[in-house]
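Okay, data25.cif now, which holds mmCIF, C-alpha atoms:
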data_target
loop_
_atom_site.group_PDB
_atom_site.id
_atom_site.type_symbol
_atom_site.label_atom_id
_atom_site.label_comp_id
_atom_site.auth_asym_id
_atom_site.auth_seq_id
_atom_site.Cartn_x
_atom_site.Cartn_y
_atom_site.Cartn_z
ATOM 1 C CA MET A 213 -14.897 32.833 77.099
ATOM 2 C CA ARG A 214 -15.163 35.032 74.010
ATOM 3 C CA ALA A 215 -11.393 35.418 73.905
ATOM 4 C CA GLU A 216 -10.959 31.636 73.927
ATOM 5 C CA LEU A 217 -13.475 31.261 71.093
ATOM 6 C CA THR A 218 -11.607 33.854 69.024
ATOM 7 C CA ARG A 219 -8.323 32.090 69.737
ATOM 8 C CA GLU A 220 -9.863 28.792 68.581
ATOM 9 C CA ARG A 221 -11.177 30.434 65.405
ATOM 10 C CA ILE A 222 -7.694 31.735 64.633
ATOM 11 C CA LEU A 223 -6.108 28.313 65.184
ATOM 12 C CA THR A 224 -8.767 26.542 63.098
ATOM 13 C CA ALA A 225 -8.378 29.086 60.316
ATOM 14 C CA ALA A 226 -4.588 28.805 60.451
ATOM 15 C CA ALA A 227 -4.745 25.017 60.168
ATOM 16 C CA HIS A 228 -6.831 25.361 57.000
ATOM 17 C CA VAL A 229 -4.645 28.134 55.550
ATOM 18 C CA PHE A 230 -1.369 26.306 56.214
ATOM 19 C CA ALA A 231 -2.760 23.079 54.755
ATOM 20 C CA GLU A 232 -4.168 24.842 51.700
ATOM 21 C CA HIS A 233 -1.427 27.375 50.925
ATOM 22 C CA GLY A 234 1.653 26.029 52.743
ATOM 23 C CA TYR A 235 3.569 27.844 55.411
ATOM 24 C CA ALA A 236 5.290 30.475 53.283
ATOM 25 C CA ALA A 237 2.040 31.616 51.635
ATOM 26 C CA GLY A 238 0.014 31.099 54.816
ATOM 27 C CA THR A 239 0.137 34.733 55.863
ATOM 28 C CA THR A 240 -1.437 36.267 58.935
ATOM 29 C CA ASN A 241 -3.662 38.278 56.585
ATOM 30 C CA ARG A 242 -5.015 35.055 55.058
ATOM 31 C CA ILE A 243 -5.497 33.567 58.512
ATOM 32 C CA ALA A 244 -7.358 36.645 59.776
ATOM 33 C CA GLU A 245 -9.537 36.676 56.656
ATOM 34 C CA ARG A 246 -10.352 32.971 57.050
ATOM 35 C CA ALA A 247 -11.150 33.481 60.761
ATOM 36 C CA ARG A 248 -13.308 36.489 59.817
ATOM 37 C CA ILE A 249 -11.488 38.845 62.172
ATOM 38 C CA SER A 250 -9.321 41.904 61.644
ATOM 39 C CA ILE A 251 -5.570 41.544 61.398
ATOM 40 C CA GLY A 252 -5.317 43.725 64.513
ATOM 41 C CA SER A 253 -7.476 41.262 66.439
ATOM 42 C CA LEU A 254 -5.274 38.385 65.314
ATOM 43 C CA TYR A 255 -2.196 40.195 66.629
ATOM 44 C CA GLN A 256 -3.860 40.588 70.028
ATOM 45 C CA TYR A 257 -3.691 36.790 70.340
ATOM 46 C CA PHE A 258 -0.547 35.867 68.404
ATOM 47 C CA PRO A 259 2.488 38.024 67.540
ATOM 48 C CA ASN A 260 3.102 36.241 64.202
ATOM 49 C CA LYS A 261 2.399 33.115 62.199
ATOM 50 C CA ASP A 262 5.322 31.292 63.850
ATOM 51 C CA ALA A 263 3.508 31.567 67.174
ATOM 52 C CA ILE A 264 0.292 30.286 65.596
ATOM 53 C CA LEU A 265 2.021 27.272 64.042
ATOM 54 C CA ALA A 266 3.854 26.564 67.306
ATOM 55 C CA GLU A 267 0.509 26.533 69.154
ATOM 56 C CA LEU A 268 -0.947 24.121 66.578
ATOM 57 C CA VAL A 269 2.040 21.796 67.033
ATOM 58 C CA ILE A 270 1.857 21.989 70.836
ATOM 59 C CA ARG A 271 -1.810 21.024 70.690
ATOM 60 C CA HIS A 272 -1.061 18.220 68.269
ATOM 61 C CA VAL A 273 1.639 16.826 70.558
ATOM 62 C CA ASP A 274 -0.549 17.148 73.656
ATOM 63 C CA ARG A 275 -3.337 15.193 71.932
ATOM 64 C CA GLY A 276 -0.946 12.353 71.176
ATOM 65 C CA THR A 277 -1.590 10.250 74.265
ATOM 66 C CA TRP A 278 -2.277 6.571 73.699
ATOM 67 C CA THR A 279 -6.001 6.756 74.365
ATOM 68 C CA GLY A 280 -6.720 3.023 74.558
ATOM 69 C CA ALA A 281 -3.814 2.060 76.809
ATOM 70 C CA ASP A 282 -6.081 1.477 79.813
ATOM 71 C CA GLU A 283 -8.261 -1.044 77.948
ATOM 72 C CA LEU A 284 -5.587 -3.486 76.817
ATOM 73 C CA ASP A 285 -5.784 -7.238 77.205
ATOM 74 C CA PHE A 286 -2.629 -8.676 78.789
ATOM 75 C CA SER A 287 -3.529 -12.329 78.214
ATOM 76 C CA PRO A 288 -0.910 -14.574 76.634
ATOM 77 C CA GLY A 289 -1.163 -14.534 72.856
ATOM 78 C CA THR A 290 -2.513 -10.957 72.613
ATOM 79 C CA LEU A 291 0.758 -9.131 71.953
ATOM 80 C CA GLU A 292 0.096 -8.515 68.265
ATOM 81 C CA ALA A 293 -3.352 -7.040 69.052
ATOM 82 C CA THR A 294 -1.754 -4.834 71.715
ATOM 83 C CA VAL A 295 0.913 -3.577 69.297
ATOM 84 C CA ARG A 296 -1.774 -3.008 66.645
ATOM 85 C CA ALA A 297 -3.755 -0.869 69.115
ATOM 86 C CA LEU A 298 -0.672 1.309 69.724
ATOM 87 C CA ILE A 299 0.092 1.720 66.037
ATOM 88 C CA ARG A 300 -3.550 2.241 65.027
ATOM 89 C CA ASP A 301 -3.806 4.987 67.667
ATOM 90 C CA ALA A 302 -0.703 6.692 66.244
ATOM 91 C CA ILE A 303 -2.062 6.455 62.692
ATOM 92 C CA ASP A 304 -5.482 7.762 63.710
ATOM 93 C CA SER A 305 -3.993 10.748 65.517
ATOM 94 C CA HIS A 306 -2.033 11.699 62.381
ATOM 95 C CA SER A 307 -4.611 11.061 59.687
ATOM 96 C CA ASP A 308 -6.561 14.334 59.803
ATOM 97 C CA ASP A 309 -4.597 16.438 57.356
ATOM 98 C CA PRO A 310 -1.368 15.280 55.675
ATOM 99 C CA GLN A 311 -0.558 18.761 54.328
ATOM 100 C CA LEU A 312 -0.863 20.368 57.757
ATOM 101 C CA LEU A 313 1.181 17.551 59.318
ATOM 102 C CA ARG A 314 3.917 18.168 56.728
ATOM 103 C CA VAL A 315 3.934 21.903 57.548
ATOM 104 C CA MET A 316 4.100 21.127 61.274
ATOM 105 C CA ILE A 317 7.035 18.749 60.778
ATOM 106 C CA GLU A 318 9.019 20.888 58.342
ATOM 107 C CA GLU A 319 8.310 24.478 59.348
ATOM 108 C CA VAL A 320 7.661 24.701 63.080
ATOM 109 C CA PRO A 321 9.847 27.150 64.982
ATOM 110 C CA VAL A 322 11.210 25.357 68.029
ATOM 111 C CA SER A 323 10.516 27.177 71.279
ATOM 112 C CA GLN A 324 11.189 26.180 74.862
ATOM 113 C CA GLU A 325 7.455 25.609 75.330
ATOM 114 C CA LEU A 326 7.428 23.219 72.373
ATOM 115 C CA ARG A 327 10.524 21.396 73.666
ATOM 116 C CA ASP A 328 8.875 21.054 77.073
ATOM 117 C CA THR A 329 5.647 19.755 75.516
ATOM 118 C CA ILE A 330 7.509 17.215 73.385
ATOM 119 C CA ASP A 331 9.519 16.108 76.424
ATOM 120 C CA ARG A 332 6.375 15.752 78.565
ATOM 121 C CA HIS A 333 4.612 13.848 75.781
ATOM 122 C CA GLY A 334 7.599 11.578 75.237
ATOM 123 C CA LYS A 335 7.819 10.704 78.930
ATOM 124 C CA LEU A 336 4.097 9.929 79.103
ATOM 125 C CA ARG A 337 4.061 7.779 75.955
ATOM 126 C CA THR A 338 7.271 6.004 76.964
ATOM 127 C CA ALA A 339 5.762 5.211 80.372
ATOM 128 C CA GLN A 340 2.626 3.826 78.706
ATOM 129 C CA ILE A 341 4.673 1.594 76.416
ATOM 130 C CA ARG A 342 6.986 0.531 79.239
ATOM 131 C CA ASP A 343 3.910 -0.486 81.255
ATOM 132 C CA VAL A 344 2.836 -2.789 78.402
ATOM 133 C CA ILE A 345 6.346 -4.226 78.117
ATOM 134 C CA VAL A 346 6.632 -5.120 81.792
ATOM 135 C CA ARG A 347 3.044 -6.392 82.121
ATOM 136 C CA HIS A 348 2.582 -8.406 78.932
ATOM 137 C CA PRO A 349 3.596 -12.070 79.326
ATOM 138 C CA ASP A 350 4.633 -12.442 75.667
ATOM 139 C CA VAL A 351 7.316 -9.721 75.777
ATOM 140 C CA ARG A 352 10.976 -10.777 75.814
ATOM 141 C CA VAL A 353 13.278 -7.761 75.754
ATOM 142 C CA GLY A 354 16.475 -7.108 77.656
ATOM 143 C CA ASP A 355 15.763 -3.609 78.952
ATOM 144 C CA ALA A 356 12.175 -2.358 79.253
ATOM 145 C CA ASP A 357 13.175 1.321 79.448
ATOM 146 C CA ILE A 358 15.292 1.268 76.299
ATOM 147 C CA ALA A 359 12.762 -0.933 74.482
ATOM 148 C CA ALA A 360 9.970 1.546 75.267
ATOM 149 C CA GLU A 361 12.020 4.435 73.860
ATOM 150 C CA ILE A 362 12.957 2.461 70.735
ATOM 151 C CA ILE A 363 9.327 1.543 70.085
ATOM 152 C CA LEU A 364 8.068 5.080 70.663
ATOM 153 C CA LEU A 365 10.624 6.574 68.268
ATOM 154 C CA THR A 366 10.090 3.850 65.681
ATOM 155 C CA VAL A 367 6.313 4.230 65.689
ATOM 156 C CA GLU A 368 6.261 8.031 65.798
ATOM 157 C CA ILE A 369 8.961 8.722 63.219
ATOM 158 C CA ASN A 370 7.610 6.184 60.751
ATOM 159 C CA THR A 371 3.999 7.278 61.271
ATOM 160 C CA HIS A 372 4.886 10.950 60.847
ATOM 161 C CA LYS A 373 6.841 10.210 57.672
ATOM 162 C CA PHE A 374 4.174 7.953 56.167
ATOM 163 C CA MET A 375 1.159 10.105 57.053
ATOM 164 C CA ALA A 376 2.775 13.418 56.017
ATOM 165 C CA ASP A 377 3.865 12.054 52.643
ATOM 166 C CA PRO A 378 0.936 10.074 51.235
ATOM 167 C CA ARG A 379 1.910 7.500 48.654
ATOM 168 C CA PRO A 380 -0.032 4.856 46.757
ATOM 169 C CA ILE A 381 0.738 2.377 49.566
ATOM 170 C CA PRO A 382 -2.443 1.615 51.534
ATOM 171 C CA VAL A 383 -2.368 2.651 55.196
ATOM 172 C CA GLU A 384 -3.295 -0.938 56.093
ATOM 173 C CA THR A 385 -0.095 -2.230 54.456
ATOM 174 C CA PHE A 386 2.004 0.282 56.388
ATOM 175 C CA GLU A 387 0.178 -0.621 59.608
ATOM 176 C CA ASN A 388 0.612 -4.384 59.077
ATOM 177 C CA GLU A 389 4.349 -4.090 58.391
ATOM 178 C CA LEU A 390 4.968 -1.846 61.407
ATOM 179 C CA VAL A 391 2.878 -4.145 63.640
ATOM 180 C CA ALA A 392 4.842 -7.181 62.443
ATOM 181 C CA MET A 393 8.196 -5.482 63.039
ATOM 182 C CA VAL A 394 7.401 -4.217 66.545
ATOM 183 C CA THR A 395 5.689 -7.477 67.563
ATOM 184 C CA ARG A 396 8.669 -9.585 66.465
ATOM 185 C CA TYR A 397 11.034 -7.278 68.348
ATOM 186 C CA LEU A 398 8.992 -7.451 71.549
ATOM 187 C CA ARG A 399 8.605 -11.238 71.370
ATOM 188 C CA GLY A 400 12.323 -11.606 70.812
ATOM 189 C CA ASP A 401 11.732 -13.523 67.587
ATOM 190 C CA GLN A 402 14.889 -14.622 65.875
ATOM 191 C CA GLU A 403 15.054 -15.380 62.205
ATOM 192 C CA PRO A 404 16.764 -18.724 61.570
ATOM 193 C CA ARG A 405 20.280 -18.279 60.190
ATOM 194 C CA ARG A 406 20.910 -19.598 56.726
#

Hey, can you dump this file as structure tokens for me?
Amino acid sequence: MRAELTRERILTAAAHVFAEHGYAAGTTNRIAERARISIGSLYQYFPNKDAILAELVIRHVDRGTWTGADELDFSPGTLEATVRALIRDAIDSHSDDPQLLRVMIEEVPVSQELRDTIDRHGKLRTAQIRDVIVRHPDVRVGDADIAAEIILLTVEINTHKFMADPRPIPVETFENELVAMVTRYLRGDQEPRR
């Protein structure tokens, strides 16, 4: 129990240090100091800062399950609200700390454990989205499996990019545009040709 608490203190401290100082200046000494432990204690839990950042990313990915997927309304006419719930969930899970998100995207060392976590996460999220596609009466796509992958990648890549690089564009504007794009795709809307 005490070991797990110390591990959590290190990870919490590292998140603050990486966000505040960046990855290059986010040394294990700074992390240990922030966690109020000795550098030797830190090394009992993590061999280096790469391992600490990798653990933060793994936890971030594992938290990224669509939490409201079980509470969706599949009535006709609710597709936009369903898409908004998916996109709002993605935005909310990436809104904690833009600086830390940027470090996680740009600096993370890729390990087999991280690849496995990303793969597991991707399969779970894709299955959740595929479930919506096949169950919602307003959806008109050719291939539910491919559509689910396209939507997942579109939402995640754009959300990561937008949330890690804050600009003067309001989050609501980003959300509305992404909701409109994904909703039109799922409904099979065609723009009239001119």

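Among the candidates A:Arg271, A:Arg221, A:Arg379, A:His233, the residue lying nearest to Leu254 of chain A is A:Arg221 (atoms considered: all atoms listed in the file).
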
Care to translate the PyMOL selection byres ((chain A and resi 291) around 9) into actual residues of this file, as an NGL selection string? :A and (285-290 or 292-296 or 348-351 or 395 or 398-399)

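Taking atom CA of Glu318 of chain A and atom CA of Tyr235 of chain A as endpoints, the distance between them is 9.3 Å.
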
Pick out the residues sitting within 8 Å of Val269 of chain A, and hand them over as a list in words; count all atoms listed in the file, and ignore anything fewer than 3 positions along from it in its own chain. Leu265, Ala266, His272, Val273, Met316, Val320 and Leu326 of chain A

The PyMOL selection byres ((chain A and resi 364-368) around 9) - which residues does that actually catch in the file I just gave you? List them as a list in words. Leu298, Ile299, Ala302, Gly334, Arg337, Thr338, Ile341, Ala359, Ala360, Glu361, Ile362, Ile363, Ile369, Asn370, Thr371, His372, Lys373, Leu390 and Val394 of chain A

Can you pull out every residue within 12 Å of Glu245 of chain A, counting all atoms listed in the file, but drop anything in the same chain fewer than 3 positions away, and send it as a PyMOL selection string? chain A and resi 221-222+225-226+228-229+238-242+248-254

Between atom CA of Val315 of chain A and atom CA of Ile330 of chain A, measure the distance and give it in Å to one decimal. 16.9 Å

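From atom CA of Phe258 of chain A back to atom CA of Thr218 of chain A, the distance works out to 11.3 Å.
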
Using only C-alpha atoms, pick whichever of A:Glu283, A:Asp309, A:Asp304, A:Asp401 has the shortest atom-to-atom distance to Val353 of chain A.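 Among the listed residues, the smallest separation from Val353 of chain A belongs to A:Asp401.
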
Using only C-alpha atoms, pick whichever of A:Tyr257, A:Tyr397, A:Phe374, A:Phe386 has the shortest atom-to-atom distance to Ala244 of chain A. A:Tyr257

Selected residue of minimal separation from Pro321 of chain A among A:Asp308, A:Glu267, A:Glu232, A:Glu389, counting all atoms listed in the file: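 Of the candidates, the smallest distance to Pro321 of chain A is held by A:Glu267.
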
Residues near Pro310 of chain A, cut-off 9 Å, only C-alpha atoms, skip fewer than 6 positions along chain, as a PyMOL selection string: chain A and resi 231+375-378
